[in-house]
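Structure below is final-v3.cif: mmCIF, C-alpha atoms.
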```
data_entry
#
loop_
_atom_site.group_PDB
_atom_site.id
_atom_site.type_symbol
_atom_site.label_atom_id
_atom_site.label_comp_id
_atom_site.auth_asym_id
_atom_site.auth_seq_id
_atom_site.Cartn_x
_atom_site.Cartn_y
_atom_site.Cartn_z
ATOM 1 C CA MET A 10 21.024 152.444 50.073
ATOM 2 C CA TYR A 11 19.863 151.311 53.536
ATOM 3 C CA LYS A 12 18.502 147.996 52.220
ATOM 4 C CA SER A 13 21.739 147.298 50.367
ATOM 5 C CA ASN A 14 23.692 148.104 53.550
ATOM 6 C CA TYR A 15 21.693 145.436 55.382
ATOM 7 C CA LEU A 16 22.654 142.901 52.701
ATOM 8 C CA LEU A 17 26.292 143.970 52.958
ATOM 9 C CA PHE A 18 25.998 143.237 56.697
ATOM 10 C CA ILE A 19 24.097 139.938 56.519
ATOM 11 C CA ILE A 20 26.030 138.201 53.722
ATOM 12 C CA PRO A 21 29.545 138.477 55.260
ATOM 13 C CA ALA A 22 28.178 137.547 58.702
ATOM 14 C CA LEU A 23 26.576 134.335 57.441
ATOM 15 C CA ILE A 24 29.584 133.357 55.333
ATOM 16 C CA TRP A 25 32.222 134.120 57.953
ATOM 17 C CA GLY A 26 30.169 132.330 60.596
ATOM 18 C CA SER A 27 30.877 129.136 58.647
ATOM 19 C CA THR A 28 34.440 129.778 57.439
ATOM 20 C CA TRP A 29 35.913 129.391 60.929
ATOM 21 C CA TYR A 30 34.960 125.714 60.762
ATOM 22 C CA ILE A 31 35.844 125.260 57.070
ATOM 23 C CA ILE A 32 39.398 126.457 57.820
ATOM 24 C CA LYS A 33 39.917 123.224 59.775
ATOM 25 C CA TYR A 34 39.972 121.330 56.457
ATOM 26 C CA GLN A 35 42.931 123.452 55.337
ATOM 27 C CA LEU A 36 45.089 122.258 58.226
ATOM 28 C CA GLY A 37 47.328 119.202 58.246
ATOM 29 C CA VAL A 38 49.148 118.381 54.988
ATOM 30 C CA VAL A 39 49.852 121.932 53.765
ATOM 31 C CA ASP A 40 51.518 124.496 56.013
ATOM 32 C CA PRO A 41 49.050 127.251 57.073
ATOM 33 C CA ILE A 42 51.034 130.050 55.408
ATOM 34 C CA ILE A 43 51.012 128.160 52.090
ATOM 35 C CA SER A 44 47.257 127.545 52.359
ATOM 36 C CA VAL A 45 46.689 131.252 52.948
ATOM 37 C CA SER A 46 48.788 132.046 49.876
ATOM 38 C CA TYR A 47 46.751 129.600 47.758
ATOM 39 C CA ARG A 48 43.458 130.975 49.058
ATOM 40 C CA PHE A 49 44.090 134.638 48.388
ATOM 41 C CA GLY A 50 46.143 134.059 45.246
ATOM 42 C CA LEU A 51 43.160 132.222 43.756
ATOM 43 C CA ALA A 52 40.667 134.810 44.994
ATOM 44 C CA GLY A 53 42.775 137.725 43.760
ATOM 45 C CA ALA A 54 43.240 136.173 40.318
ATOM 46 C CA ILE A 55 39.483 135.654 39.986
ATOM 47 C CA LEU A 56 38.737 139.255 41.016
ATOM 48 C CA LEU A 57 41.300 140.743 38.634
ATOM 49 C CA GLY A 58 40.067 138.487 35.831
ATOM 50 C CA TYR A 59 36.508 139.628 36.515
ATOM 51 C CA SER A 60 37.648 143.263 36.516
ATOM 52 C CA LYS A 61 39.417 142.770 33.192
ATOM 53 C CA LEU A 62 36.345 141.193 31.603
ATOM 54 C CA ARG A 63 34.115 143.987 32.888
ATOM 55 C CA LYS A 64 36.671 146.568 31.711
ATOM 56 C CA LEU A 65 36.913 148.042 35.209
ATOM 57 C CA PRO A 66 39.813 150.499 35.730
ATOM 58 C CA LEU A 67 42.968 148.696 36.867
ATOM 59 C CA SER A 68 45.461 151.563 36.661
ATOM 60 C CA PHE A 69 46.609 153.025 39.984
ATOM 61 C CA THR A 70 49.533 155.199 41.073
ATOM 62 C CA LYS A 71 52.582 153.795 42.876
ATOM 63 C CA ARG A 72 51.417 155.445 46.100
ATOM 64 C CA GLN A 73 47.990 153.853 45.744
ATOM 65 C CA HIS A 74 49.550 150.466 45.031
ATOM 66 C CA PHE A 75 51.648 150.850 48.193
ATOM 67 C CA PHE A 76 48.576 151.282 50.389
ATOM 68 C CA VAL A 77 46.694 148.525 48.552
ATOM 69 C CA ALA A 78 49.679 146.241 49.202
ATOM 70 C CA LEU A 79 49.695 147.287 52.872
ATOM 71 C CA GLN A 80 45.994 146.452 53.121
ATOM 72 C CA GLY A 81 46.600 143.112 51.419
ATOM 73 C CA ILE A 82 49.532 142.064 53.592
ATOM 74 C CA LEU A 83 47.679 142.990 56.790
ATOM 75 C CA LEU A 84 44.187 141.764 55.924
ATOM 76 C CA PHE A 85 44.688 139.025 53.329
ATOM 77 C CA GLY A 86 48.054 137.720 54.475
ATOM 78 C CA THR A 87 49.387 137.999 57.999
ATOM 79 C CA ASN A 88 45.933 138.109 59.579
ATOM 80 C CA TYR A 89 44.807 134.797 58.100
ATOM 81 C CA TRP A 90 48.166 133.086 58.497
ATOM 82 C CA LEU A 91 47.869 133.669 62.250
ATOM 83 C CA VAL A 92 44.181 132.621 62.231
ATOM 84 C CA TYR A 93 45.088 129.300 60.637
ATOM 85 C CA ILE A 94 47.824 128.755 63.217
ATOM 86 C CA SER A 95 45.510 129.628 66.121
ATOM 87 C CA GLU A 96 43.008 127.032 64.905
ATOM 88 C CA LEU A 97 45.686 124.373 65.325
ATOM 89 C CA TYR A 98 45.253 124.904 69.065
ATOM 90 C CA LEU A 99 41.735 126.292 69.568
ATOM 91 C CA SER A 100 38.255 125.311 68.412
ATOM 92 C CA SER A 101 36.919 127.364 65.503
ATOM 93 C CA GLY A 102 34.073 128.660 67.672
ATOM 94 C CA LEU A 103 36.407 130.066 70.307
ATOM 95 C CA VAL A 104 38.526 131.786 67.647
ATOM 96 C CA ALA A 105 35.391 133.348 66.179
ATOM 97 C CA VAL A 106 34.301 134.588 69.604
ATOM 98 C CA ALA A 107 37.726 136.126 70.228
ATOM 99 C CA PHE A 108 37.487 137.843 66.844
ATOM 100 C CA SER A 109 34.333 139.643 67.966
ATOM 101 C CA THR A 110 36.671 141.975 69.867
ATOM 102 C CA LEU A 111 37.828 143.268 66.460
ATOM 103 C CA ILE A 112 35.189 145.949 66.745
ATOM 104 C CA PHE A 113 36.957 147.606 69.670
ATOM 105 C CA LEU A 114 40.317 147.653 67.935
ATOM 106 C CA ASN A 115 38.622 149.149 64.871
ATOM 107 C CA ILE A 116 37.227 151.911 67.073
ATOM 108 C CA PHE A 117 40.596 152.511 68.746
ATOM 109 C CA PHE A 118 42.663 152.478 65.540
ATOM 110 C CA GLY A 119 39.973 154.492 63.759
ATOM 111 C CA ALA A 120 40.401 157.225 66.362
ATOM 112 C CA LEU A 121 44.198 156.967 66.261
ATOM 113 C CA PHE A 122 44.753 156.932 62.496
ATOM 114 C CA LEU A 123 41.558 158.372 60.978
ATOM 115 C CA GLY A 124 40.558 160.884 63.632
ATOM 116 C CA ASP A 125 37.240 159.192 64.461
ATOM 117 C CA LYS A 126 35.702 160.190 67.795
ATOM 118 C CA ILE A 127 35.495 157.767 70.734
ATOM 119 C CA LYS A 128 32.241 158.100 72.650
ATOM 120 C CA LYS A 129 31.251 157.107 76.198
ATOM 121 C CA ASN A 130 29.035 154.248 75.018
ATOM 122 C CA ILE A 131 32.057 152.804 73.191
ATOM 123 C CA ILE A 132 34.048 152.630 76.426
ATOM 124 C CA ILE A 133 31.138 150.930 78.234
ATOM 125 C CA GLY A 134 30.719 148.508 75.354
ATOM 126 C CA ALA A 135 34.430 147.684 75.430
ATOM 127 C CA ILE A 136 34.190 146.803 79.126
ATOM 128 C CA PHE A 137 31.273 144.438 78.435
ATOM 129 C CA GLY A 138 33.229 142.847 75.602
ATOM 130 C CA LEU A 139 36.349 142.375 77.715
ATOM 131 C CA ILE A 140 34.418 140.757 80.582
ATOM 132 C CA GLY A 141 32.575 138.527 78.114
ATOM 133 C CA THR A 142 35.803 137.326 76.512
ATOM 134 C CA ILE A 143 37.330 136.573 79.932
ATOM 135 C CA LEU A 144 34.257 134.526 80.889
ATOM 136 C CA ILE A 145 34.396 132.472 77.696
ATOM 137 C CA TYR A 146 38.087 131.719 78.250
ATOM 138 C CA GLN A 147 37.829 131.416 82.037
ATOM 139 C CA SER A 148 38.692 127.702 82.025
ATOM 140 C CA GLU A 149 41.854 128.377 79.991
ATOM 141 C CA PHE A 150 42.758 131.324 82.205
ATOM 142 C CA ARG A 151 42.501 129.102 85.291
ATOM 143 C CA ARG A 152 45.049 126.716 83.763
ATOM 144 C CA ILE A 153 47.552 129.328 82.612
ATOM 145 C CA ASN A 154 51.132 128.066 82.762
ATOM 146 C CA PHE A 155 52.376 129.688 79.531
ATOM 147 C CA THR A 156 53.101 126.304 77.944
ATOM 148 C CA ASP A 157 49.566 125.145 77.160
ATOM 149 C CA ASP A 158 48.512 124.993 73.521
ATOM 150 C CA GLN A 159 45.333 126.952 74.335
ATOM 151 C CA ILE A 160 47.347 129.940 75.513
ATOM 152 C CA LYS A 161 49.608 129.709 72.486
ATOM 153 C CA GLY A 162 46.554 129.639 70.237
ATOM 154 C CA LEU A 163 45.030 132.607 72.045
ATOM 155 C CA LEU A 164 48.206 134.679 71.579
ATOM 156 C CA PHE A 165 48.251 133.908 67.854
ATOM 157 C CA CYS A 166 44.572 134.845 67.737
ATOM 158 C CA ILE A 167 45.152 138.205 69.462
ATOM 159 C CA ALA A 168 47.952 139.041 67.019
ATOM 160 C CA SER A 169 45.681 138.081 64.118
ATOM 161 C CA ILE A 170 42.894 140.345 65.374
ATOM 162 C CA THR A 171 45.319 143.262 65.582
ATOM 163 C CA PHE A 172 46.524 142.800 61.995
ATOM 164 C CA ALA A 173 42.929 142.372 60.789
ATOM 165 C CA SER A 174 41.894 145.638 62.429
ATOM 166 C CA LEU A 175 44.837 147.514 60.936
ATOM 167 C CA GLY A 176 43.843 146.064 57.567
ATOM 168 C CA ASN A 177 40.286 147.322 58.059
ATOM 169 C CA ILE A 178 41.554 150.797 58.866
ATOM 170 C CA THR A 179 43.855 150.754 55.829
ATOM 171 C CA SER A 180 40.869 149.851 53.632
ATOM 172 C CA ALA A 181 38.856 152.723 55.111
ATOM 173 C CA TYR A 182 41.803 155.063 54.509
ATOM 174 C CA ASN A 183 42.153 153.895 50.901
ATOM 175 C CA GLN A 184 38.482 154.499 50.192
ATOM 176 C CA ARG A 185 38.371 157.874 51.969
ATOM 177 C CA THR A 186 41.646 159.277 50.671
ATOM 178 C CA PHE A 187 42.009 157.779 47.200
ATOM 179 C CA LYS A 188 38.365 156.806 46.479
ATOM 180 C CA LEU A 189 39.670 153.397 45.409
ATOM 181 C CA PRO A 190 37.119 150.849 44.123
ATOM 182 C CA VAL A 191 36.677 147.823 46.395
ATOM 183 C CA VAL A 192 36.637 145.039 43.793
ATOM 184 C CA GLN A 193 39.864 145.980 42.021
ATOM 185 C CA THR A 194 41.759 146.904 45.185
ATOM 186 C CA ASN A 195 40.661 143.627 46.787
ATOM 187 C CA GLY A 196 41.986 141.797 43.743
ATOM 188 C CA PHE A 197 45.376 143.491 43.883
ATOM 189 C CA GLY A 198 45.456 143.362 47.690
ATOM 190 C CA MET A 199 44.793 139.617 47.759
ATOM 191 C CA ILE A 200 47.552 139.014 45.209
ATOM 192 C CA TYR A 201 49.962 141.138 47.248
ATOM 193 C CA GLY A 202 49.010 139.279 50.423
ATOM 194 C CA ALA A 203 49.449 135.896 48.714
ATOM 195 C CA ILE A 204 52.878 136.865 47.337
ATOM 196 C CA ALA A 205 54.017 138.158 50.743
ATOM 197 C CA MET A 206 53.009 134.905 52.443
ATOM 198 C CA LEU A 207 54.761 132.848 49.747
ATOM 199 C CA ILE A 208 57.973 134.867 50.162
ATOM 200 C CA ILE A 209 57.889 134.398 53.944
ATOM 201 C CA ALA A 210 57.285 130.671 53.450
ATOM 202 C CA ILE A 211 60.251 130.307 51.091
ATOM 203 C CA VAL A 212 62.603 132.363 53.275
ATOM 204 C CA SER A 213 61.620 130.378 56.374
ATOM 205 C CA GLY A 214 62.144 127.066 54.596
ATOM 206 C CA LYS A 215 58.519 125.903 54.462
ATOM 207 C CA GLN A 216 57.675 123.019 52.161
ATOM 208 C CA ILE A 217 55.733 124.155 49.083
ATOM 209 C CA ASN A 218 53.224 121.361 48.482
ATOM 210 C CA PHE A 219 49.540 120.783 47.766
ATOM 211 C CA ASP A 220 46.822 118.520 49.145
ATOM 212 C CA PHE A 221 44.799 116.960 46.324
ATOM 213 C CA SER A 222 42.167 115.501 48.652
ATOM 214 C CA LEU A 223 38.529 116.498 48.099
ATOM 215 C CA PRO A 224 38.125 118.117 51.576
ATOM 216 C CA TYR A 225 41.164 120.375 51.017
ATOM 217 C CA ILE A 226 40.303 121.396 47.455
ATOM 218 C CA SER A 227 36.602 121.983 48.179
ATOM 219 C CA SER A 228 37.343 123.982 51.339
ATOM 220 C CA LEU A 229 39.952 126.017 49.439
ATOM 221 C CA GLY A 230 37.368 126.846 46.769
ATOM 222 C CA TYR A 231 34.746 127.784 49.367
ATOM 223 C CA LEU A 232 37.162 129.998 51.300
ATOM 224 C CA ALA A 233 38.464 131.698 48.137
ATOM 225 C CA ILE A 234 35.084 132.383 46.494
ATOM 226 C CA PHE A 235 32.709 132.818 49.407
ATOM 227 C CA GLY A 236 34.974 133.607 52.377
ATOM 228 C CA SER A 237 37.285 135.934 50.423
ATOM 229 C CA ILE A 238 35.690 137.332 47.257
ATOM 230 C CA ILE A 239 32.028 137.632 48.256
ATOM 231 C CA ALA A 240 32.379 138.276 51.988
ATOM 232 C CA PHE A 241 35.252 140.770 51.778
ATOM 233 C CA THR A 242 33.709 142.642 48.855
ATOM 234 C CA GLY A 243 30.541 143.133 50.878
ATOM 235 C CA TYR A 244 32.292 143.933 54.158
ATOM 236 C CA LEU A 245 34.843 146.396 52.778
ATOM 237 C CA THR A 246 32.151 148.102 50.709
ATOM 238 C CA LEU A 247 30.231 148.541 53.959
ATOM 239 C CA ILE A 248 33.360 149.999 55.595
ATOM 240 C CA GLY A 249 33.545 152.576 52.817
ATOM 241 C CA ARG A 250 29.904 153.535 53.355
ATOM 242 C CA VAL A 251 29.521 153.574 57.146
ATOM 243 C CA GLY A 252 33.087 153.409 58.506
ATOM 244 C CA ALA A 253 35.213 150.645 60.034
ATOM 245 C CA SER A 254 33.629 150.883 63.493
ATOM 246 C CA LYS A 255 30.014 150.485 62.389
ATOM 247 C CA ALA A 256 30.843 147.909 59.715
ATOM 248 C CA ALA A 257 32.386 145.742 62.426
ATOM 249 C CA TYR A 258 28.839 145.203 63.723
ATOM 250 C CA THR A 259 28.950 142.313 61.239
ATOM 251 C CA ILE A 260 31.193 140.553 63.751
ATOM 252 C CA VAL A 261 28.430 140.588 66.402
ATOM 253 C CA VAL A 262 26.436 137.643 65.053
ATOM 254 C CA ILE A 263 29.391 135.579 63.805
ATOM 255 C CA PRO A 264 30.240 133.991 67.208
ATOM 256 C CA VAL A 265 26.678 132.699 67.521
ATOM 257 C CA ILE A 266 26.871 130.996 64.119
ATOM 258 C CA ALA A 267 30.440 129.766 64.620
ATOM 259 C CA LEU A 268 29.898 128.376 68.127
ATOM 260 C CA THR A 269 26.767 126.566 66.924
ATOM 261 C CA ILE A 270 28.742 124.931 64.114
ATOM 262 C CA SER A 271 31.633 124.150 66.472
ATOM 263 C CA THR A 272 29.218 122.519 68.947
ATOM 264 C CA ILE A 273 27.674 120.330 66.228
ATOM 265 C CA PHE A 274 30.801 119.276 64.332
ATOM 266 C CA GLU A 275 33.747 119.719 66.728
ATOM 267 C CA GLY A 276 32.284 118.506 69.981
ATOM 268 C CA TYR A 277 32.763 121.857 71.694
ATOM 269 C CA SER A 278 30.650 121.975 74.860
ATOM 270 C CA PRO A 279 29.884 125.549 75.910
ATOM 271 C CA ASP A 280 29.211 125.975 79.623
ATOM 272 C CA ILE A 281 27.120 128.607 81.378
ATOM 273 C CA PHE A 282 30.100 130.972 81.457
ATOM 274 C CA ALA A 283 30.480 130.726 77.661
ATOM 275 C CA PHE A 284 26.812 131.610 77.127
ATOM 276 C CA ILE A 285 26.976 134.524 79.571
ATOM 277 C CA GLY A 286 30.248 135.717 78.046
ATOM 278 C CA MET A 287 28.873 135.567 74.510
ATOM 279 C CA GLY A 288 25.810 137.512 75.632
ATOM 280 C CA LEU A 289 28.000 140.197 77.207
ATOM 281 C CA ILE A 290 30.084 140.493 74.023
ATOM 282 C CA ILE A 291 26.946 140.984 71.938
ATOM 283 C CA ILE A 292 25.570 143.567 74.406
ATOM 284 C CA GLY A 293 28.938 145.325 74.474
ATOM 285 C CA ASN A 294 29.140 145.484 70.703
ATOM 286 C CA ILE A 295 25.603 146.853 70.423
ATOM 287 C CA LEU A 296 26.377 149.513 73.036
ATOM 288 C CA ALA A 297 29.651 150.427 71.315
ATOM 289 C CA LEU A 298 27.998 150.859 67.939
ATOM 290 C CA ARG A 299 24.821 152.597 69.073
ATOM 291 C CA ASN A 300 24.455 155.911 67.254
ATOM 292 C CA LYS A 301 22.263 158.196 69.354
ATOM 293 C CA THR A 302 22.266 160.881 66.709
ATOM 294 C CA ALA A 303 21.075 158.634 63.887
#
```
Written form, structure tokens:
Amino acid sequence: MYKSNYLLFIIPALIWGSTWYIIKYQLGVVDPIISVSYRFGLAGAILLGYSKLRKLPLSFTKRQHFFVALQGILLFGTNYWLVYISELYLSSGLVAVAFSTLIFLNIFFGALFLGDKIKKNIIIGAIFGLIGTILIYQSEFRRINFTDDQIKGLLFCIASITFASLGNITSAYNQRTFKLPVVQTNGFGMIYGAIAMLIIAIVSGKQINFDFSLPYISSLGYLAIFGSIIAFTGYLTLIGRVGASKAAYTIVVIPVIALTISTIFEGYSPDIFAFIGMGLIIIGNILALRNKTA
């Protein structure tokens, strides 16, 4: 069990460390909300097809479907729509670093909605994480005028993190309360999220189109299969086993991978404050997740 938990931690971390950059290839021709719908519609269809072939149970109650849909709209819809938008204004590495604060929202919402306890080391860790994030964004903070694209991107990113955390908590609730299987609920949840994004796109008058270029199609396939099916199956399974707070430890190493990729391919130049800030975030996350009784 412990060895498999390590794999469930490592695989999503490595995959998601790269997806922040791959998302850039989804931007441009197709509106972000449409790209999100394509991504999770494809991933959900593959998961449900796999479940059908394996004869996995696909029958759930209306109440269960409601919470699966809630998880899907939060985690596989709104969250990623806002991520895609934020990457129109921010480098993928900076978005990934900001997302490392997801762990603290998971802890907070876990206490609020699931009754999980908040410990002293979690508060200390949160302070480290907050200071670290401020240091990484210190150059943007110094130029705040509430019209800059960086600030706009950061606000979209914060909203995305909040929806992602609520989606994590919903997944934990679904597994605790209903004992729902991850693969099938991910399949349904991704379809629900894709449908919700498509409805919003149509209502808001977005153009429904497709980019047939190799970069768009290949990145869509990578994000659907690796970034959605494989990574989320591993991560949400880990949430069911160890809880949303501890599973979020996966997020600790992602900024390191993402910022490295962003530096190589996007020309991002981290300064001394970025390195110090990233270090503080990692220290804060480790402190927040330390289990003295384990």
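By only C-alpha atoms, and with residues fewer than 5 positions from Val45 (chain A) along its chain excluded, the set lying at most 7 Å from it is Gly86, Tyr89, Trp90 and Ala203 of chain A.
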Requested in this report: Run through the PyMOL selection byres ((chain A and resi 68) around 12) on the given coordinates and return the selected residues as number ranges by chain.
Outcome: A: 57, 60-61, 64-67, 69-74, 189-190, 193-194, 197
What lies within 8 Å of region 255-261 of chain A using all atoms listed in the file, ignoring chain neighbours under 5 positions off, as a PDB file with C-alpha atoms, in the frame of the given file?
```
ATOM      1  CA  PHE A  18      25.998 143.237  56.697  1.00  0.00           C
ATOM      2  CA  ILE A  19      24.097 139.938  56.519  1.00  0.00           C
ATOM      3  CA  PRO A  21      29.545 138.477  55.260  1.00  0.00           C
ATOM      4  CA  ALA A  22      28.178 137.547  58.702  1.00  0.00           C
ATOM      5  CA  PHE A 108      37.487 137.843  66.844  1.00  0.00           C
ATOM      6  CA  SER A 109      34.333 139.643  67.966  1.00  0.00           C
ATOM      7  CA  LEU A 111      37.828 143.268  66.460  1.00  0.00           C
ATOM      8  CA  ILE A 112      35.189 145.949  66.745  1.00  0.00           C
ATOM      9  CA  ASN A 115      38.622 149.149  64.871  1.00  0.00           C
ATOM     10  CA  TYR A 244      32.292 143.933  54.158  1.00  0.00           C
ATOM     11  CA  LEU A 247      30.231 148.541  53.959  1.00  0.00           C
ATOM     12  CA  ILE A 248      33.360 149.999  55.595  1.00  0.00           C
ATOM     13  CA  ILE A 290      30.084 140.493  74.023  1.00  0.00           C
ATOM     14  CA  ILE A 291      26.946 140.984  71.938  1.00  0.00           C
ATOM     15  CA  ASN A 294      29.140 145.484  70.703  1.00  0.00           C
ATOM     16  CA  ILE A 295      25.603 146.853  70.423  1.00  0.00           C
ATOM     17  CA  LEU A 298      27.998 150.859  67.939  1.00  0.00           C
TER      18      LEU A 298
END
```
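Put simply, CA of Ile270 (chain A) is 8.6 Å away from CA of Ser101 (chain A).
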Report task. In Å, rounded to a single decimal, give me how far CA of Ser180 (chain A) is from CA of Leu56 (chain A). Result ->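 Atom-to-atom, CA of Leu56 (chain A) and CA of Ser180 (chain A) are spaced 16.6 Å apart.
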**Report entry** Residues matched by the PyMOL selection byres ((chain A and resi 137) around 9), written as a ChimeraX atom specification
**Finding:** /A:132-136,138-142,286,289-294,296
With 8 Å on each side, where is the centre of the axis-aligned box around all listed atoms of region 251-267 of chain A, and how long are its edges in Å to one decimal, as lines of an AutoDock Vina configuration file?
```
center_x = 30.8
center_y = 141.7
center_z = 62.3
size_x = 24.8
size_y = 39.8
size_z = 26.4
```
Query raised in the report: So which one's closest to Phe117 (chain A), A:Asn88, A:Ser27, A:Gln184, A:Asn177? Using only C-alpha atoms, please.
Result: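 Closest to Phe117 (chain A), using only C-alpha atoms: A:Asn177.
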Using only C-alpha atoms, tabulate the residues of region 31-97 of chain A lying at most 10 Å from any atom of region 216-234 of chain A, each with its closest atom pair and that distance in Å to one decimal, by chain and increasing residue number, as CSV.
```
residue,atom,partner,partner_atom,distance
A:Ile31,CA,A:Ser228,CA,6.1
A:Ile32,CA,A:Ser228,CA,7.2
A:Lys33,CA,A:Ser228,CA,8.9
A:Tyr34,CA,A:Tyr225,CA,5.7
A:Gln35,CA,A:Tyr225,CA,5.6
A:Leu36,CA,A:Tyr225,CA,8.4
A:Gly37,CA,A:Asp220,CA,9.1
A:Val38,CA,A:Asp220,CA,6.3
A:Val39,CA,A:Phe219,CA,6.1
A:Asp40,CA,A:Gln216,CA,7.4
A:Ile42,CA,A:Ile217,CA,9.8
A:Ile43,CA,A:Ile217,CA,6.9
A:Ser44,CA,A:Leu229,CA,8.0
A:Val45,CA,A:Leu229,CA,9.2
A:Tyr47,CA,A:Leu229,CA,7.9
A:Arg48,CA,A:Ala233,CA,5.1
A:Phe49,CA,A:Ala233,CA,6.4
A:Gly50,CA,A:Ala233,CA,8.5
A:Leu51,CA,A:Ala233,CA,6.4
A:Ala52,CA,A:Ala233,CA,4.9
A:Gly53,CA,A:Ala233,CA,8.6
A:Ile55,CA,A:Ile234,CA,8.5
A:Leu56,CA,A:Ile234,CA,9.5
```
Query - CA of Thr87 (chain A) to CA of Gly102 (chain A), straight-line distance in Å - result: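 Here the two named atoms are 20.4 Å from each other.
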Query raised in the report: Can you tell me, as a PyMOL selection string, which residues sit within 7 Å of (33.3, 133.6, 79.1) in the file's frame, using only C-alpha atoms?
Result: chain A and resi 141-147+282-283+285-287
Query - Cut-off 6 Å around (42.7, 149.3, 51.2) with only C-alpha atoms: residues as an MDAnalysis selection string - result: chainID A and resid 77 80 179:180 183
Query raised in the report: With distances taken over all atoms listed in the file, which of A:Leu16, A:Leu175, A:Ala78, A:Leu97 is nearest to Phe118 (chain A)?
Result: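 Using all atoms listed in the file, Phe118 (chain A) sits closest to A:Leu175.
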Requested in this report: Could you check which of A:Ile200, A:Asn14, A:Thr28, A:Ser237 is closest to Leu268 (chain A), using only C-alpha atoms?
Outcome: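 So, comparing all the options, the nearest one is A:Thr28.
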Could I get region 248-259 of chain A rebuilt with N, CA and C atoms, written as a PDB file, in the coordinates of the input?
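What follows is the written file result22.pdb:
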```pdb
ATOM      1  N   ILE A 248      32.410 149.118  54.909  1.00  0.00           N
ATOM      2  CA  ILE A 248      33.360 149.999  55.595  1.00  0.00           C
ATOM      3  C   ILE A 248      33.435 151.352  54.895  1.00  0.00           C
ATOM      4  N   GLY A 249      33.482 151.324  53.571  1.00  0.00           N
ATOM      5  CA  GLY A 249      33.545 152.576  52.817  1.00  0.00           C
ATOM      6  C   GLY A 249      32.310 153.427  53.002  1.00  0.00           C
ATOM      7  N   ARG A 250      31.159 152.794  53.215  1.00  0.00           N
ATOM      8  CA  ARG A 250      29.904 153.535  53.355  1.00  0.00           C
ATOM      9  C   ARG A 250      29.663 154.043  54.770  1.00  0.00           C
ATOM     10  N   VAL A 251      29.912 153.200  55.775  1.00  0.00           N
ATOM     11  CA  VAL A 251      29.521 153.574  57.146  1.00  0.00           C
ATOM     12  C   VAL A 251      30.700 153.679  58.102  1.00  0.00           C
ATOM     13  N   GLY A 252      31.919 153.328  57.643  1.00  0.00           N
ATOM     14  CA  GLY A 252      33.087 153.409  58.506  1.00  0.00           C
ATOM     15  C   GLY A 252      33.444 152.058  59.115  1.00  0.00           C
ATOM     16  N   ALA A 253      34.712 151.921  59.522  1.00  0.00           N
ATOM     17  CA  ALA A 253      35.213 150.645  60.034  1.00  0.00           C
ATOM     18  C   ALA A 253      34.537 150.234  61.340  1.00  0.00           C
ATOM     19  N   SER A 254      34.228 151.207  62.193  1.00  0.00           N
ATOM     20  CA  SER A 254      33.629 150.883  63.493  1.00  0.00           C
ATOM     21  C   SER A 254      32.238 150.294  63.331  1.00  0.00           C
ATOM     22  N   LYS A 255      31.384 150.965  62.562  1.00  0.00           N
ATOM     23  CA  LYS A 255      30.014 150.485  62.389  1.00  0.00           C
ATOM     24  C   LYS A 255      29.964 149.211  61.544  1.00  0.00           C
ATOM     25  N   ALA A 256      30.829 149.110  60.552  1.00  0.00           N
ATOM     26  CA  ALA A 256      30.843 147.909  59.715  1.00  0.00           C
ATOM     27  C   ALA A 256      31.201 146.679  60.531  1.00  0.00           C
ATOM     28  N   ALA A 257      31.982 146.870  61.582  1.00  0.00           N
ATOM     29  CA  ALA A 257      32.386 145.742  62.426  1.00  0.00           C
ATOM     30  C   ALA A 257      31.211 145.143  63.191  1.00  0.00           C
ATOM     31  N   TYR A 258      30.049 145.776  63.125  1.00  0.00           N
ATOM     32  CA  TYR A 258      28.839 145.203  63.723  1.00  0.00           C
ATOM     33  C   TYR A 258      28.551 143.835  63.111  1.00  0.00           C
ATOM     34  N   THR A 259      29.059 143.614  61.888  1.00  0.00           N
ATOM     35  CA  THR A 259      28.950 142.313  61.239  1.00  0.00           C
ATOM     36  C   THR A 259      29.486 141.209  62.149  1.00  0.00           C
TER      37      THR A 259
END
```
